[in-house]
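Trainee: Provided herewith: upload38.txt, compact mmCIF, C-alpha atoms and all ligand atoms.
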# COMPACT_ATOMS: atom_id res chain seq x y z
CA MET A 1361 83.48 19.39 199.79
CA ASN A 1362 80.76 21.71 198.48
CA ALA A 1363 77.53 23.07 199.95
CA ASP A 1364 74.96 25.66 198.98
CA ILE A 1365 74.85 27.01 202.51
CA VAL A 1366 77.16 26.69 205.50
CA VAL A 1367 75.89 27.57 208.96
CA ALA A 1368 78.80 28.28 211.33
CA GLY A 1369 78.01 27.47 214.99
CA SER A 1370 75.55 25.33 216.91
CA GLY A 1371 74.13 27.83 219.42
CA ILE A 1372 70.70 29.45 219.39
CA ALA A 1373 71.23 31.61 216.29
CA ALA A 1374 72.55 28.61 214.34
CA SER A 1375 69.61 26.41 215.38
CA ALA A 1376 67.13 29.13 214.36
CA ALA A 1377 68.84 29.41 210.96
CA MET A 1378 68.91 25.61 210.54
CA LEU A 1379 65.22 25.36 211.47
CA TYR A 1380 64.39 28.08 208.96
CA LEU A 1381 66.39 26.28 206.25
CA ARG A 1382 64.63 22.94 206.83
CA GLN A 1383 62.21 23.42 203.94
CA SER A 1384 64.60 25.28 201.64
CA GLY A 1385 65.77 22.25 199.64
CA TYR A 1386 69.35 23.57 199.60
CA SER A 1387 72.28 21.45 200.75
CA VAL A 1388 73.39 22.73 204.14
CA ILE A 1389 76.51 21.97 206.15
CA GLN A 1390 76.60 23.02 209.78
CA ILE A 1391 80.10 23.43 211.16
CA ALA A 1392 80.76 23.75 214.90
CA PRO A 1393 82.98 22.07 217.48
CA PRO A 1394 81.29 19.61 219.87
CA GLU A 1395 79.13 21.33 222.48
CA LYS A 1396 80.86 21.88 225.82
CA ALA A 1397 79.62 19.95 228.84
CA SER A 1398 79.96 22.99 231.12
CA GLU A 1399 76.88 24.93 232.14
CA LYS A 1400 76.07 28.13 230.26
CA ILE A 1401 74.65 31.26 231.83
CA GLY A 1402 71.57 33.02 230.37
CA GLU A 1403 68.19 31.64 231.36
CA THR A 1404 65.72 34.48 231.04
CA LEU A 1405 63.92 34.25 227.73
CA SER A 1406 61.98 37.36 226.82
CA CYS A 1407 58.35 37.15 225.70
CA SER A 1408 59.46 38.65 222.35
CA ALA A 1409 60.93 35.21 221.60
CA ASN A 1410 57.47 33.59 221.65
CA ARG A 1411 56.42 34.69 218.18
CA ILE A 1412 59.75 33.56 216.69
CA ILE A 1413 59.41 30.13 218.29
CA LYS A 1414 55.90 29.99 216.77
CA GLU A 1415 57.25 31.06 213.37
CA LEU A 1416 59.77 28.20 213.57
CA GLY A 1417 56.88 25.74 214.05
CA ILE A 1418 58.00 24.38 217.44
CA TRP A 1419 55.74 26.29 219.85
CA GLU A 1420 53.77 23.30 221.18
CA LEU A 1421 57.02 21.37 221.65
CA PHE A 1422 58.52 24.36 223.47
CA LEU A 1423 55.53 24.49 225.85
CA SER A 1424 56.01 20.81 226.65
CA ARG A 1425 59.48 21.59 228.10
CA LYS A 1426 57.70 22.98 231.19
CA TYR A 1427 59.94 25.99 231.74
CA LEU A 1428 58.96 28.46 234.46
CA ILE A 1429 56.88 31.52 233.64
CA HIS A 1430 58.77 34.59 234.82
CA ASP A 1431 56.44 37.54 234.67
CA THR A 1432 57.48 39.21 237.90
CA VAL A 1433 60.56 41.36 238.29
CA PHE A 1434 61.63 42.67 241.68
CA SER A 1435 63.90 45.60 241.17
CA ALA A 1436 65.93 48.01 243.32
CA TRP A 1437 67.33 50.18 240.60
CA GLU A 1438 66.59 53.91 240.81
CA ASN A 1439 66.26 53.69 244.58
CA SER A 1440 67.11 51.17 247.26
CA SER A 1441 63.59 49.90 247.97
CA LEU A 1442 62.38 46.86 246.10
CA THR A 1443 59.58 47.43 243.61
CA ARG A 1444 57.58 44.68 241.97
CA GLN A 1445 56.73 44.92 238.28
CA SER A 1446 54.68 42.65 236.10
CA ARG A 1447 56.38 41.92 232.81
CA PHE A 1448 53.51 40.08 231.16
CA SER A 1449 52.83 41.58 227.76
CA ALA A 1450 49.29 40.97 226.51
CA GLY A 1451 50.45 40.99 222.90
CA GLU A 1452 53.48 38.75 223.31
CA GLY A 1453 52.64 36.46 226.25
CA SER A 1454 54.94 35.37 229.06
CA ASN A 1455 58.64 35.62 229.81
CA TRP A 1456 60.37 32.38 230.72
CA SER A 1457 63.02 31.01 233.01
CA ILE A 1458 64.46 28.20 230.92
CA ASP A 1459 66.93 25.42 231.53
CA ARG A 1460 69.58 26.79 229.18
CA ARG A 1461 71.25 23.53 228.24
CA ASP A 1462 67.89 21.81 227.72
CA PHE A 1463 66.66 24.72 225.56
CA GLU A 1464 69.74 24.62 223.31
CA ASP A 1465 69.54 20.80 223.00
CA PHE A 1466 65.81 21.09 222.23
CA LEU A 1467 66.44 23.60 219.41
CA ARG A 1468 69.31 21.52 218.01
CA SER A 1469 67.31 18.30 217.99
CA HIS A 1470 64.55 19.90 215.89
CA ALA A 1471 66.96 21.71 213.59
CA ASN A 1472 68.27 18.49 212.01
CA HIS A 1473 66.98 17.77 208.54
CA SER A 1474 67.76 15.48 205.65
CA HIS A 1475 69.63 18.04 203.48
CA GLN A 1476 71.98 18.84 206.33
CA ARG A 1477 75.40 17.53 207.41
CA ARG A 1478 77.08 18.38 210.67
CA LEU A 1479 80.86 18.67 210.94
CA LEU A 1480 82.34 18.79 214.43
CA ASN A 1481 85.07 21.24 213.53
CA LYS A 1482 86.12 24.83 213.94
CA ILE A 1483 86.39 27.12 210.96
CA GLN A 1484 89.88 28.53 211.01
CA ASN A 1485 90.06 30.66 207.96
CA CYS A 1486 88.00 31.82 205.03
CA SER A 1487 88.47 33.61 201.75
CA GLU A 1488 86.12 34.94 199.12
CA ASN A 1489 86.03 33.82 195.50
CA VAL A 1490 83.60 34.27 192.61
CA ASP A 1491 81.52 31.25 193.65
CA GLY A 1492 81.19 32.13 197.33
CA LEU A 1493 83.41 31.50 200.33
CA SER A 1494 86.12 28.92 200.79
CA LEU A 1495 86.38 27.77 204.41
CA GLU A 1496 89.37 26.06 205.95
CA LEU A 1497 88.64 23.88 208.98
CA ASP A 1498 90.90 22.93 211.88
CA ASP A 1499 91.53 19.49 210.31
CA HIS A 1500 92.55 21.26 207.04
CA THR A 1501 89.39 20.20 205.19
CA VAL A 1502 88.31 22.88 202.74
CA ILE A 1503 84.61 23.57 202.18
CA GLN A 1504 83.33 25.67 199.29
CA ALA A 1505 80.01 27.36 200.11
CA ARG A 1506 77.81 29.59 197.99
CA PHE A 1507 76.71 31.39 201.13
CA VAL A 1508 77.69 31.31 204.81
CA ILE A 1509 75.57 32.29 207.82
CA ASP A 1510 77.96 33.27 210.59
CA CYS A 1511 76.43 32.18 213.91
CA SER A 1512 79.79 31.63 215.61
CA GLY A 1513 78.94 33.86 218.60
CA ARG A 1514 81.48 36.23 220.08
CA SER A 1515 84.27 34.74 217.98
CA ALA A 1516 82.52 35.96 214.77
CA VAL A 1517 84.80 33.80 212.68
CA ILE A 1518 83.54 35.01 209.28
CA GLY A 1519 82.53 38.60 210.07
CA ARG A 1520 85.86 39.31 211.73
CA ARG A 1521 87.63 38.29 208.51
CA PHE A 1522 85.79 40.87 206.42
CA SER A 1523 85.08 43.78 208.76
CA GLN A 1524 86.02 45.33 212.05
CA ARG A 1525 84.62 44.11 215.34
CA HIS A 1526 84.30 46.82 217.96
CA ARG A 1527 84.47 46.18 221.68
CA VAL A 1528 82.31 48.70 223.52
CA ASP A 1529 83.31 47.84 227.10
CA ASN A 1530 84.89 45.21 229.32
CA MET A 1531 82.07 44.48 231.75
CA ILE A 1532 82.44 41.09 233.40
CA CYS A 1533 79.93 38.74 235.00
CA TYR A 1534 80.62 36.56 238.05
CA TYR A 1535 78.00 33.92 238.64
CA ASN A 1536 77.03 30.88 240.73
CA PHE A 1537 74.27 28.33 240.37
CA ILE A 1538 73.37 27.61 243.98
CA LYS A 1539 71.33 24.86 245.63
CA GLN A 1540 68.69 25.09 248.31
CA SER A 1541 69.83 23.54 251.58
CA ASP A 1542 66.45 23.97 253.28
CA THR A 1543 63.92 22.52 250.83
CA GLU A 1544 61.02 23.17 253.22
CA ILE A 1545 61.04 26.81 252.10
CA GLU A 1546 59.12 27.72 248.93
CA PRO A 1547 61.38 30.22 247.12
CA THR A 1548 59.82 33.27 245.45
CA VAL A 1549 59.93 32.75 241.72
CA GLY A 1550 60.87 35.78 239.64
CA ILE A 1551 63.85 37.87 238.68
CA MET A 1552 65.48 40.24 241.10
CA ILE A 1553 67.75 43.06 239.99
CA GLU A 1554 69.67 45.09 242.54
CA ALA A 1555 71.89 48.06 241.78
CA VAL A 1556 74.90 48.44 244.08
CA ALA A 1557 77.75 50.96 244.03
CA TYR A 1558 80.10 48.67 242.06
CA GLY A 1559 77.60 47.14 239.59
CA TRP A 1560 74.32 45.28 239.58
CA TRP A 1561 73.10 41.89 240.73
CA TYR A 1562 70.71 39.54 239.04
CA SER A 1563 69.10 36.52 240.69
CA ALA A 1564 66.40 34.08 239.64
CA VAL A 1565 65.01 30.69 240.59
CA LEU A 1566 65.45 28.12 237.82
CA PRO A 1567 63.09 25.32 236.69
CA ASP A 1568 65.15 22.75 238.66
CA ASN A 1569 64.80 24.89 241.82
CA ARG A 1570 68.41 26.03 241.84
CA MET A 1571 69.03 29.76 242.02
CA ILE A 1572 71.37 31.77 239.84
CA ILE A 1573 73.09 34.76 241.37
CA SER A 1574 75.26 36.95 239.17
CA LEU A 1575 77.18 40.18 239.54
CA TYR A 1576 77.84 42.52 236.60
CA THR A 1577 80.78 44.82 237.23
CA TYR A 1578 84.26 45.75 235.96
CA PRO A 1579 87.28 43.60 236.86
CA ASP A 1580 89.08 46.51 238.56
CA LEU A 1581 86.15 47.25 240.90
CA VAL A 1582 86.15 43.92 242.75
CA PRO A 1583 88.90 41.92 244.49
CA GLN A 1584 91.45 40.36 242.15
CA HIS A 1585 90.96 36.66 241.37
CA LEU A 1586 87.40 36.78 242.70
CA ASN A 1587 86.62 33.68 240.63
CA ARG A 1588 89.12 31.69 242.70
CA ASP A 1589 88.36 33.08 246.12
CA LEU A 1590 85.20 31.88 247.89
CA LYS A 1591 85.85 34.05 250.95
CA ALA A 1592 86.14 37.22 248.87
CA TRP A 1593 83.04 36.21 246.87
CA LEU A 1594 80.99 35.68 250.05
CA SER A 1595 81.99 39.10 251.26
CA VAL A 1596 81.01 40.67 247.90
CA VAL A 1597 77.63 38.87 248.07
CA ASP A 1598 77.15 40.28 251.60
CA GLN A 1599 77.52 43.80 250.23
CA ALA A 1600 74.32 43.30 248.20
CA PRO A 1601 71.69 43.56 250.96
CA LEU A 1602 68.66 42.43 248.94
CA THR A 1603 70.35 39.63 247.01
CA SER A 1604 72.05 38.20 250.09
CA ARG A 1605 68.75 38.38 251.99
CA ARG A 1606 66.98 36.56 249.15
CA VAL A 1607 69.60 33.80 249.14
CA GLU A 1608 69.51 33.37 252.89
CA SER A 1609 65.77 33.66 253.49
CA ALA A 1610 64.97 31.10 250.79
CA GLY A 1611 67.42 28.61 252.32
CA TYR A 1612 70.12 28.71 249.61
CA LEU A 1613 73.86 28.38 250.22
CA VAL A 1614 76.80 29.86 248.30
CA GLN A 1615 79.47 27.19 248.49
CA GLU A 1616 81.78 27.84 245.57
CA ALA A 1617 83.75 30.71 244.11
CA PRO A 1618 82.00 32.15 241.05
CA VAL A 1619 82.61 31.53 237.37
CA ALA A 1620 83.74 34.66 235.48
CA VAL A 1621 82.61 35.40 231.91
CA ASP A 1622 83.06 38.28 229.51
CA ALA A 1623 79.85 40.35 229.48
CA GLY A 1624 81.15 43.25 227.38
CA MET A 1625 79.32 44.43 224.28
CA LEU A 1626 80.76 43.69 220.84
CA ILE A 1627 79.45 45.18 217.63
CA GLN A 1628 80.26 44.02 214.13
CA GLU A 1629 80.80 46.96 211.78
CA ASP A 1630 79.60 45.14 208.67
CA ILE A 1631 77.08 42.42 209.25
CA SER A 1632 76.96 41.00 205.73
CA GLY A 1633 78.73 40.72 202.42
CA ARG A 1634 77.98 39.30 198.98
CA HIS A 1635 78.33 35.72 200.26
CA TRP A 1636 77.78 35.91 204.00
CA VAL A 1637 75.59 37.30 206.73
CA ALA A 1638 76.01 37.34 210.52
CA ALA A 1639 73.41 36.43 213.16
CA GLY A 1640 73.23 36.29 216.96
CA ASP A 1641 76.26 37.33 218.99
CA ALA A 1642 78.40 37.22 215.85
CA LEU A 1643 76.39 40.25 214.77
CA VAL A 1644 76.08 42.05 218.10
CA SER A 1645 76.63 40.90 221.71
CA LEU A 1646 74.20 42.83 223.87
CA ASP A 1647 74.44 43.96 227.49
CA PRO A 1648 72.76 41.14 229.48
CA LEU A 1649 70.73 43.79 231.36
CA SER A 1650 68.22 43.67 228.51
CA SER A 1651 67.84 39.82 228.63
CA HIS A 1652 67.43 40.00 224.86
CA GLY A 1653 70.49 38.09 223.64
CA MET A 1654 68.67 34.81 222.99
CA THR A 1655 65.72 36.58 221.37
CA GLN A 1656 68.08 38.54 219.15
CA ALA A 1657 69.83 35.25 218.26
CA LEU A 1658 66.53 33.54 217.38
CA TRP A 1659 65.23 36.48 215.37
CA SER A 1660 68.43 37.26 213.49
CA GLY A 1661 69.05 33.53 212.84
CA CYS A 1662 65.68 33.36 211.04
CA ARG A 1663 66.05 36.63 209.15
CA ALA A 1664 69.64 35.84 208.13
CA ALA A 1665 68.51 32.45 206.76
CA GLU A 1666 65.65 34.13 204.89
CA ALA A 1667 68.03 36.73 203.42
CA CYS A 1668 70.50 33.97 202.51
CA ILE A 1669 67.90 32.02 200.50
CA LYS A 1670 66.78 35.17 198.67
CA SER A 1671 70.35 36.15 198.01
CA ILE A 1672 71.20 32.74 196.49
CA ASN A 1673 68.19 33.29 194.23
CA GLY A 1674 69.63 36.62 193.08
CA ASP A 1675 67.54 38.94 195.27
CA TYR A 1676 69.95 40.97 197.44
CA SER A 1677 67.28 43.34 198.78
CA ALA A 1678 66.57 41.06 201.77
CA ILE A 1679 70.18 41.42 202.96
CA ASP A 1680 69.92 45.21 202.64
CA GLN A 1681 66.65 45.19 204.53
CA PHE A 1682 68.16 43.01 207.26
CA ARG A 1683 71.10 45.42 207.61
CA GLN A 1684 68.79 48.42 207.84
CA THR A 1685 66.50 46.80 210.41
CA MET A 1686 69.49 45.77 212.54
CA SER A 1687 71.10 49.18 212.27
CA LEU A 1688 67.91 50.91 213.50
CA ALA A 1689 67.39 48.32 216.24
CA ILE A 1690 70.96 48.75 217.53
CA LYS A 1691 70.57 52.55 217.61
CA ALA A 1692 67.28 52.32 219.55
CA TYR A 1693 68.85 49.78 221.90
CA GLN A 1694 71.81 52.07 222.63
CA THR A 1695 69.56 54.99 223.55
CA GLU A 1696 67.43 52.83 225.84
CA LEU A 1697 70.46 51.22 227.51
CA LEU A 1698 72.13 54.56 228.30
CA GLN A 1699 68.87 55.92 229.73
CA LYS A 1700 68.51 52.84 231.92
CA TYR A 1701 72.03 53.22 233.37
CA ARG A 1702 71.75 56.99 233.77
CA SER A 1703 68.53 56.57 235.75
CA VAL A 1704 70.57 55.24 238.70
CA GLN A 1705 71.29 58.68 240.11
CA ARG A 1706 72.03 57.47 243.64
CA TYR A 1707 75.35 56.05 242.43
CA ALA A 1708 76.01 58.60 239.68
CA GLU A 1709 79.48 59.39 241.04
CA GLU A 1710 80.60 55.75 241.35
CA PRO A 1711 83.03 54.50 238.65
CA PHE A 1712 80.74 51.68 237.48
CA TRP A 1713 77.77 53.96 236.86
CA LYS A 1714 79.90 56.75 235.39
CA ARG A 1715 81.33 54.28 232.88
CA ARG A 1716 77.97 52.69 232.02
CA GLY A 1717 76.30 56.09 231.62
CA SER A 1718 78.95 57.30 229.19
CA LEU A 1719 79.42 54.21 227.00
CA ILE A 1720 80.59 55.16 223.55
CA PHE A 1721 79.27 53.03 220.73
CA PRO A 1722 81.14 52.82 217.43
CA MET A 1723 79.67 54.93 214.65
CA GLU A 1724 77.65 52.61 212.53
CA LYS A 1725 78.15 52.71 208.82
CA ALA A 1726 75.19 53.87 206.82
CA PRO A 1727 73.59 50.69 205.50
CA GLY A 1728 75.10 49.99 202.12
CA LYS A 1729 74.48 47.53 199.34
CA ALA A 1730 75.17 43.87 199.97
CA GLY A 1731 78.53 42.95 198.57
CA THR A 1732 80.00 46.43 198.83
C1 LIG A 1801 76.75 36.75 231.40
C2 LIG A 1801 75.70 36.65 230.33
C3 LIG A 1801 74.36 36.46 230.69
C4 LIG A 1801 73.38 36.37 229.70
N1 LIG A 1801 72.08 36.22 230.07
C5 LIG A 1801 71.11 36.19 229.11
C6 LIG A 1801 69.74 36.03 229.48
O1 LIG A 1801 69.37 35.85 230.64
N2 LIG A 1801 68.83 36.07 228.47
C7 LIG A 1801 69.16 36.22 227.15
O2 LIG A 1801 68.29 36.25 226.28
N3 LIG A 1801 70.47 36.34 226.80
C8 LIG A 1801 71.43 36.31 227.73
N4 LIG A 1801 72.74 36.42 227.37
C9 LIG A 1801 73.09 36.49 225.93
C10 LIG A 1801 72.96 35.15 225.24
O3 LIG A 1801 73.54 34.10 226.00
C11 LIG A 1801 73.63 35.21 223.86
O4 LIG A 1801 73.21 36.37 223.20
C12 LIG A 1801 73.29 33.99 223.00
O5 LIG A 1801 73.80 32.82 223.59
C13 LIG A 1801 73.88 34.13 221.60
O6 LIG A 1801 73.68 32.94 220.90
P1 LIG A 1801 74.54 32.64 219.60
O7 LIG A 1801 73.97 31.40 218.99
O8 LIG A 1801 74.63 33.85 218.76
O9 LIG A 1801 76.03 32.39 220.12
P2 LIG A 1801 76.64 31.21 221.01
O10 LIG A 1801 75.63 30.61 221.91
O11 LIG A 1801 77.88 31.77 221.62
O12 LIG A 1801 77.06 30.08 219.95
C14 LIG A 1801 78.21 30.24 219.14
C15 LIG A 1801 78.48 28.94 218.43
O13 LIG A 1801 79.55 29.11 217.51
C16 LIG A 1801 80.50 28.06 217.68
N5 LIG A 1801 81.80 28.54 217.22
C17 LIG A 1801 82.65 29.38 217.82
N6 LIG A 1801 83.77 29.55 217.08
C18 LIG A 1801 83.60 28.79 215.97
C19 LIG A 1801 84.40 28.53 214.83
N7 LIG A 1801 85.62 29.09 214.67
N8 LIG A 1801 83.91 27.70 213.86
C20 LIG A 1801 82.68 27.13 214.00
N9 LIG A 1801 81.89 27.33 215.08
C21 LIG A 1801 82.36 28.15 216.04
C22 LIG A 1801 80.42 27.73 219.16
O14 LIG A 1801 80.95 26.45 219.42
C23 LIG A 1801 78.91 27.79 219.36
O15 LIG A 1801 78.29 26.61 218.93
C24 LIG A 1801 73.75 36.49 228.34
C25 LIG A 1801 75.09 36.66 227.98
C26 LIG A 1801 76.06 36.74 228.96
C27 LIG A 1801 77.50 36.95 228.56
Mind turning this structure into structure tokens?
Ligand SMILES: Cc1cc2nc3c(=O)[nH]c(=O)nc-3n(C[C@H](O)[C@H](O)[C@H](O)COP(=O)(O)OP(=O)(O)OC[C@H]3O[C@@H](n4cnc5c(N)ncnc54)[C@H](O)[C@@H]3O)c2cc1C

Mentor:
Amino acid sequence: MNADIVVAGSGIAASAAMLYLRQSGYSVIQIAPPEKASEKIGETLSCSANRIIKELGIWELFLSRKYLIHDTVFSAWENSSLTRQSRFSAGEGSNWSIDRRDFEDFLRSHANHSHQRRLLNKIQNCSENVDGLSLELDDHTVIQARFVIDCSGRSAVIGRRFSQRHRVDNMICYYNFIKQSDTEIEPTVGIMIEAVAYGWWYSAVLPDNRMIISLYTYPDLVPQHLNRDLKAWLSVVDQAPLTSRRVESAGYLVQEAPVAVDAGMLIQEDISGRHWVAAGDALVSLDPLSSHGMTQALWSGCRAAEACIKSINGDYSAIDQFRQTMSLAIKAYQTELLQKYRSVQRYAEEPFWKRRGSLIFPMEKAPGKAGT
């Protein structure tokens, strides 16, 4: 089977790329396993995403989803008292609390177009030849593509084949979606971030009135098997005075042990080649503290698709430009992230904060020519 372009994945980066490719006229095959039924974490969408959603031509449709506006952040970071900040940005508009599954389904449903086929498979292997990339799927089908956009998330199925993937850290996230038992109480909408000795907590009310509570820490700093032990989890929640008070005072109940997910940062050394480019988490998985992962996925999905079209037409400068922009953005992000963690002086001697304040990022390669 042949295609001009293969998009690997069906997450946010892949949908952005597919939406961008709608008008391209090229034959596109999207390859990704069926979406999982389980709930995904990540519901704060930064205002920087607004202009990308507009660029993709689905802004009015996005507004009709009726997600919550999230312009208030309550934070106990540098000190233990809660401060309230407005996050509204006049230039970019509002931040959002989205229903994550609904948002991904919404993007997918608008990303379908007539030149596209969807294969419900995993890519297992790939190799380069003069005409592009040859992809082997889990059912042994072989697809020949002139160009591949790797939006396969943390698994980075194409990028990993051609360059090194660096793990920066092994931070972990434990989270619960919790329900309100006392619905008479109007919960305070907004994000709350609370630094504690062993990590930081994030909580937010979702569009369906559930609350998410999540703890970012290292596995060795909390009780073993926390994700299977409700009693231990309740005691860890109790050690976060502001988060536990928020849960209790708004009438929510923690009734299950948390889900655990990898929240460590991963950086792809090379983000493109002569016949491929990475986008979203396949390119870089950010620290969730920034709440920029989905925005990065939307933006890089678009720019990768743009660079792919130009590249197929013989103009490789767009790939080089994409690499340079990403390289500068990652450097700026690193500086900002370290400053943010180092600003928590009250816990400076605690292992979590020592580790976060001294994260070592891999040396990035100077941006080179596409195909080198
Ligand atoms: C704990 C946590 C909290 C977060 N919170 C937020 C938040 O509040 N706000 C925010 O903006 N970001 C957040 N993020 C980040 C955000 O979720 C990700 O950056 C974003 O989902 C990346 O989208 P993606 O499309 O690149 O990857 P994914 O959503 O991971 O999609 C990858 C796709 O590739 C497919 N795939 C995998 N392997 C293969 C293969 N071999 N062949 C073909 N397809 C394959 C998968 O099935 C999937 O469809 C959070 C992340 C974590 C870990």

Trainee: Counting all atoms listed in the file, what is within 8 Å of Arg1588 of chain A, bar same-chain residues fewer than 2 positions away, as a list in words?

Mentor: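 Surrounding residues, per the criterion: His1585, Leu1586, Leu1590, Ala1617 and Pro1618 of chain A.
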
Trainee: Could you make a table, as a Markdown table, of the residues of chain A that have an atom within 6 Å of an atom of ligand LIG 1801 (chain A), each with its nearest atom pair and distance in Å to one decimal, counting only C-alpha atoms and all ligand atoms, in chain and number order?

Mentor:
| residue | atom | partner | partner_atom | distance |
| --- | --- | --- | --- | --- |
| A:Ala1368 | CA | A:LIG1801 | C20 | 4.8 |
| A:Gly1369 | CA | A:LIG1801 | O13 | 3.4 |
| A:Ser1370 | CA | A:LIG1801 | O15 | 3.6 |
| A:Gly1371 | CA | A:LIG1801 | O7 | 3.6 |
| A:Ile1372 | CA | A:LIG1801 | O7 | 3.8 |
| A:Ala1373 | CA | A:LIG1801 | O7 | 3.9 |
| A:Ala1374 | CA | A:LIG1801 | O7 | 5.6 |
| A:Ile1391 | CA | A:LIG1801 | C20 | 5.3 |
| A:Ala1392 | CA | A:LIG1801 | N9 | 3.8 |
| A:Pro1393 | CA | A:LIG1801 | O14 | 5.2 |
| A:Ile1401 | CA | A:LIG1801 | C3 | 5.3 |
| A:Gly1402 | CA | A:LIG1801 | N1 | 3.3 |
| A:Glu1403 | CA | A:LIG1801 | O1 | 4.4 |
| A:Thr1404 | CA | A:LIG1801 | O1 | 3.9 |
| A:Leu1405 | CA | A:LIG1801 | O2 | 5.0 |
| A:Lys1482 | CA | A:LIG1801 | N8 | 3.6 |
| A:Ile1483 | CA | A:LIG1801 | N8 | 3.9 |
| A:Gln1484 | CA | A:LIG1801 | N7 | 5.6 |
| A:Cys1511 | CA | A:LIG1801 | O8 | 5.4 |
| A:Ser1512 | CA | A:LIG1801 | O13 | 3.2 |
| A:Gly1513 | CA | A:LIG1801 | O9 | 3.6 |
| A:Arg1514 | CA | A:LIG1801 | O11 | 5.9 |
| A:Ser1515 | CA | A:LIG1801 | N6 | 5.3 |
| A:Val1517 | CA | A:LIG1801 | N7 | 5.2 |
| A:Cys1533 | CA | A:LIG1801 | C1 | 5.2 |
| A:Asp1622 | CA | A:LIG1801 | C27 | 5.8 |
| A:Ala1623 | CA | A:LIG1801 | C27 | 4.2 |
| A:Gly1640 | CA | A:LIG1801 | O8 | 3.3 |
| A:Asp1641 | CA | A:LIG1801 | O8 | 3.8 |
| A:Ala1642 | CA | A:LIG1801 | O8 | 5.8 |
| A:Ser1645 | CA | A:LIG1801 | O4 | 5.9 |
| A:Pro1648 | CA | A:LIG1801 | C4 | 4.8 |
| A:Ser1651 | CA | A:LIG1801 | N2 | 3.9 |
| A:His1652 | CA | A:LIG1801 | O2 | 4.1 |
| A:Gly1653 | CA | A:LIG1801 | O4 | 3.2 |
| A:Met1654 | CA | A:LIG1801 | O2 | 3.6 |
| A:Thr1655 | CA | A:LIG1801 | O2 | 5.6 |
| A:Ala1657 | CA | A:LIG1801 | O8 | 5.0 |

Trainee: Can you measure atom CA of Leu1581 of chain A to atom CA of Lys1539 of chain A for me? One decimal in Å is fine.

Mentor: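 We find that atom CA of Leu1581 of chain A and atom CA of Lys1539 of chain A lie 27.3 Å from each other.
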
Trainee: Smallest atom-to-atom distance to Leu1575 of chain A: which of A:Ser1563, A:Asn1485, A:Gln1445, A:Ser1457, using all atoms listed in the file?

Mentor: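 Looking only at the distances to Leu1575 of chain A, the closest residue turns out to be A:Ser1563.
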
Trainee: Expressed in Å to a single decimal, how great is the separation between atom CA of Ala1376 of chain A and atom CA of Arg1478 of chain A?

Mentor: 15.1 Å

Trainee: Taking all atoms listed in the file into account, name the residue in A:Ile1545, A:Ile1518, A:Ala1665, A:Ile1572 that is nearest to Gly1633 of chain A.

Mentor: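 Smallest separation from Gly1633 of chain A among the options: A:Ile1518.
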
Trainee: Can you work out the spacing between atom CA of Leu1428 of chain A and atom CA of Val1565 of chain A in Å, to one decimal?

Mentor: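 Distance between the two atoms: 8.9 Å.
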
Trainee: Name the closest residue to Leu1613 of chain A among the candidates A:Asn1536, A:Thr1577, A:Gln1504, A:Ser1718; distances are taken between atoms, counting only C-alpha atoms.

Mentor: A:Asn1536
